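Peer 1: Mind looking over this structure? Questions follow.
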Amino acid sequence: IYQSEAMATTAVHYRSLCILSEICRLEGQSVLAKKYDKWAADLKDGMNKQLWMEDKGLYAIYLYGRNHLMQHPQMEILGESFAILWDIASPERQHRISEQMVSENYGTPDFYPNLKDQYPYHNDAMWPFTQGYWLKAQAKAGNEQGVLHGISSIYRLAAMSLSNMENMVIWNGDYEGLAINSPRQLWSVAANLSIVPNVLFGVRYELDGMHFYPFIPKTMKGERRLQNFKYRQAILDMSISGFGNHIASFKLDGVECEPVFSAALTGSHTVQIQLDNKQIKESNSFDAEEDIRRFV
């Protein structure tokens, strides 16, 4: 197994190299920056050439074998999420992944197809932390139905369990019957908490500051407020109203501006966001029975 080449692991290596390259540029080490850029580009090219499954519109979970590696025709939610979030996939492929990933009624499985002779754990299970990455990827791809399904999956498990459980059985929505499980799981808590700032308010951290790409499904329209939100040396009081994924008005301390909060600002500030209240483009992402038939 040590020589298998996994999509999610390779994607993390790719992103790490991109960050390392940016650090080198900031430090004035242009030669090293170009070196890591080349390594990252080679990894991205390899993933797109060797792991992409054109017939399924998804990346394979890994390559495996002995002398000649081959695609294993499964997909897993974390690698697909990274492909969208980190632009490993082209914009066209990002939309295909968003719509082709298999979903069940209670969530998106950790990987699919599941193994019929194995107990639920990674198999036959939804993990809120991977669902959290997938949820952000669905928002980036502009998939309203996928975003709603992801939010519902995480909130339902927490509400029914009265805790942020480690995982659940995908086909019945229960947290009992798994090989291992635990309440108050930190990464499940993180996925739950991130829904408001990172999806509904659309906070993304970049070198120059905090950018905003809000995504609020129409059924979740209304007014929201985040107070005492700490960012570097600043404390923000943020509000957002309406629905959609396009900003109609962005005000910093009452003054209209671009939807960016500078990393250099300090002290207390207000951020007011008004969305355009336009319906997000429909997607056919969630049809559990049809999704499963494609892989049977």
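Numbering starts fresh at 1 for the residues of each chain in the structure tokens, the chains themselves are lettered A, B, ... in the order given, and ligands are numbered from 1 as they appear.
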Give me the residues within 8 Å of Arg232 of chain A as a ChimeraX atom specification, counting only C-alpha atoms and dropping any in the same chain fewer than 2 places off.
Peer 2: /A:230,234,263,266
Peer 1: Export, as a PDB file, in the first residue's frame, the selected residues with N, CA, C and O atoms.
Peer 2:
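part.pdb, written as the output of this step:
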ATOM      1  N   LYS A 230     -12.683  38.076  15.705  1.00  0.00           N
ATOM      2  CA  LYS A 230     -11.285  38.526  15.753  1.00  0.00           C
ATOM      3  C   LYS A 230     -10.543  38.136  14.485  1.00  0.00           C
ATOM      4  O   LYS A 230     -10.586  36.989  14.049  1.00  0.00           O
ATOM      5  N   ALA A 234      -7.574  43.111  14.605  1.00  0.00           N
ATOM      6  CA  ALA A 234      -8.863  43.801  14.500  1.00  0.00           C
ATOM      7  C   ALA A 234      -9.977  42.966  15.140  1.00  0.00           C
ATOM      8  O   ALA A 234      -9.880  41.745  15.263  1.00  0.00           O
ATOM      9  N   ALA A 263      -5.610  43.264   5.858  1.00  0.00           N
ATOM     10  CA  ALA A 263      -4.849  42.630   6.935  1.00  0.00           C
ATOM     11  C   ALA A 263      -4.121  43.667   7.795  1.00  0.00           C
ATOM     12  O   ALA A 263      -3.687  43.355   8.910  1.00  0.00           O
ATOM     13  N   THR A 266      -6.388  47.683  12.176  1.00  0.00           N
ATOM     14  CA  THR A 266      -6.421  47.307  13.592  1.00  0.00           C
ATOM     15  C   THR A 266      -7.625  47.960  14.261  1.00  0.00           C
ATOM     16  O   THR A 266      -8.254  48.870  13.701  1.00  0.00           O
TER      17      THR A 266
END
Peer 1: Just list as a list in words whatever in segment 87-143 of chain A DSSP marks as helix (DSSP H, G or I).
Peer 2: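 Of segment 87-143 of chain A, the ones in helix (DSSP H, G or I) are Pro91, Glu92, Arg93, Gln94, His95, Arg96, Ile97, Ser98, Glu99, Gln100, Pro128, Phe129, Thr130, Gln131, Gly132, Tyr133, Trp134, Leu135, Lys136, Ala137, Gln138, Ala139 and Lys140 of chain A.
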Peer 1: List the neighbours of segment 143-146 of chain A out to 10 Å using only C-alpha atoms; skip same-chain residues closer than 2 positions along the sequence, and give me the result as number ranges by chain.
Peer 2: A: 95, 98-99, 101, 103, 107-108, 134-141, 148-152, 215-218, 244-245, 279-286
Peer 1: Pick out the residues sitting within 8 Å of Ile180 of chain A, and hand them over as number ranges by chain; count only C-alpha atoms, and ignore anything fewer than 2 positions along from it in its own chain.
Peer 2: A: 121, 178, 182
Peer 1: Only N, CA, C and O atoms, please: the residues just picked out, written as a tab-separated table (two decimals), in the first residue's frame.
Peer 2:
chain	number	residue	atom	x	y	z
A	121	TYR	N	-17.31	2.58	9.17
A	121	TYR	CA	-16.37	3.49	9.86
A	121	TYR	C	-15.99	4.57	8.87
A	121	TYR	O	-16.66	5.60	8.78
A	178	LEU	N	-21.10	1.98	14.59
A	178	LEU	CA	-19.80	2.20	13.95
A	178	LEU	C	-18.69	1.52	14.74
A	178	LEU	O	-18.83	1.25	15.93
A	182	SER	N	-17.16	8.88	18.82
A	182	SER	CA	-17.02	9.62	20.07
A	182	SER	C	-17.77	10.94	19.96
A	182	SER	O	-17.89	11.51	18.87
Peer 1: If you count only C-alpha atoms, which residues fall within 6 Å of Gly202 of chain A, apart from same-chain ones fewer than 2 positions away, as a ChimeraX atom specification?
Peer 2: /A:198-200,212-214
Peer 1: For N, CA, C and O atoms, I'd like the residues from the last selection saved as a CSV table (one decimal), in the first residue's frame.
Peer 2:
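This is the output file out.csv:
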chain,number,residue,atom,x,y,z
A,198,ASN,N,-17.5,30.9,7.2
A,198,ASN,CA,-16.9,30.5,6.0
A,198,ASN,C,-17.8,30.2,4.8
A,198,ASN,O,-17.4,30.2,3.7
A,199,VAL,N,-19.1,29.9,5.1
A,199,VAL,CA,-20.0,29.6,4.0
A,199,VAL,C,-21.0,30.8,3.9
A,199,VAL,O,-21.1,31.5,2.9
A,200,LEU,N,-21.8,31.0,5.0
A,200,LEU,CA,-22.9,32.0,4.9
A,200,LEU,C,-22.3,33.4,4.8
A,200,LEU,O,-22.7,34.2,4.0
A,212,PHE,N,-14.5,38.2,1.0
A,212,PHE,CA,-15.8,37.7,1.3
A,212,PHE,C,-16.5,37.1,0.1
A,212,PHE,O,-16.6,37.8,-0.9
A,213,TYR,N,-16.9,35.9,0.2
A,213,TYR,CA,-17.7,35.2,-0.9
A,213,TYR,C,-18.9,34.5,-0.3
A,213,TYR,O,-18.9,33.3,-0.3
A,214,PRO,N,-19.9,35.3,0.2
A,214,PRO,CA,-21.0,34.7,0.9
A,214,PRO,C,-21.9,33.8,0.0
A,214,PRO,O,-22.0,34.0,-1.2
Peer 1: Which is closer to Asp237 of chain A than all the others in A:Gly177, A:Val271, A:Phe261, A:Arg204, using only C-alpha atoms?
Peer 2: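 Nearest to Asp237 of chain A: A:Val271.
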Peer 1: Show which residues sit within 8 Å of segment 65-82 of chain A, as a ChimeraX atom specification. Count only C-alpha atoms, and ignore same-chain residues fewer than 4 positions away.
Peer 2: /A:4,7-9,11-12,50-51,53,58-61,86-88,97,101,108-113,130-131,133-134,136-137
Peer 1: Which of these, A:Ser194, A:Ser30, A:Ser268, A:Asn228, has the shortest distance to Tyr155 of chain A once you count only C-alpha atoms?
Peer 2: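 That would be A:Ser194, the residue with the smallest distance to Tyr155 of chain A.
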Peer 1: Excluding same-chain residues fewer than 3 positions from segment 162-168 of chain A, what lies within 6 Å of it counting only C-alpha atoms, as a VMD selection string?
Peer 2: chain A and resid 125 to 127 158 to 159 174 to 175 181 to 185 188 to 189
Peer 1: Could you please take those selected residues and save C-alpha atoms as a short mmCIF file (atom, residue, chain, number, x, y, z; two decimals), in the first residue's frame?
Peer 2:
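Contents of the output file selection.cif:
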data_model
loop_
_atom_site.label_atom_id
_atom_site.label_comp_id
_atom_site.auth_asym_id
_atom_site.auth_seq_id
_atom_site.Cartn_x
_atom_site.Cartn_y
_atom_site.Cartn_z
CA ALA A 125 -20.21 6.57 6.86
CA MET A 126 -20.46 10.35 6.75
CA TRP A 127 -17.81 12.30 8.69
CA ALA A 158 -25.53 17.25 15.88
CA ALA A 159 -29.20 17.82 16.74
CA ASP A 174 -27.50 6.95 13.20
CA TYR A 175 -24.25 7.25 15.14
CA ASN A 181 -17.19 6.86 17.50
CA SER A 182 -17.02 9.62 20.07
CA PRO A 183 -18.93 12.78 21.07
CA ARG A 184 -17.54 16.31 21.15
CA GLN A 185 -15.18 15.45 18.29
CA SER A 188 -16.72 17.78 13.78
CA VAL A 189 -17.16 20.86 15.97
#
Peer 1: Taking only C-alpha atoms into account, name the residue in A:Ser161, A:Leu252, A:Ser21, A:Glu5 that is nearest to Lys34 of chain A.
Peer 2: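 Smallest separation from Lys34 of chain A among the options: A:Ser21.
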Peer 1: Would you compute the distance between atom CA of Tyr64 of chain A and atom CA of Gln100 of chain A? Give it in Å to one decimal.
Peer 2: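 It comes out at 23.1 Å.
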Peer 1: As a ChimeraX atom specification, list the residues of segment 32-250 of chain A assigned to strand (DSSP E) by DSSP on the backbone atoms of this structure.
Peer 2: /A:52-53,58-59,62-64,70-72,75-76,111-112,125-126,168-169,203-206,209-212,222-231,234-242,247-250
Peer 1: I'd like the interatomic distance between atom CA of Glu104 of chain A and atom CA of His122 of chain A, to a tenth of an Å.
Peer 2: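 Result for atom CA of Glu104 of chain A versus atom CA of His122 of chain A: 14.8 Å, one decimal.
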Peer 1: If you measure from atom CA of Leu32 of chain A to atom CA of His13 of chain A, what distance in Å do you get, rounded to one decimal?
Peer 2: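 Going from atom CA of Leu32 of chain A over to atom CA of His13 of chain A, I get 16.4 Å.
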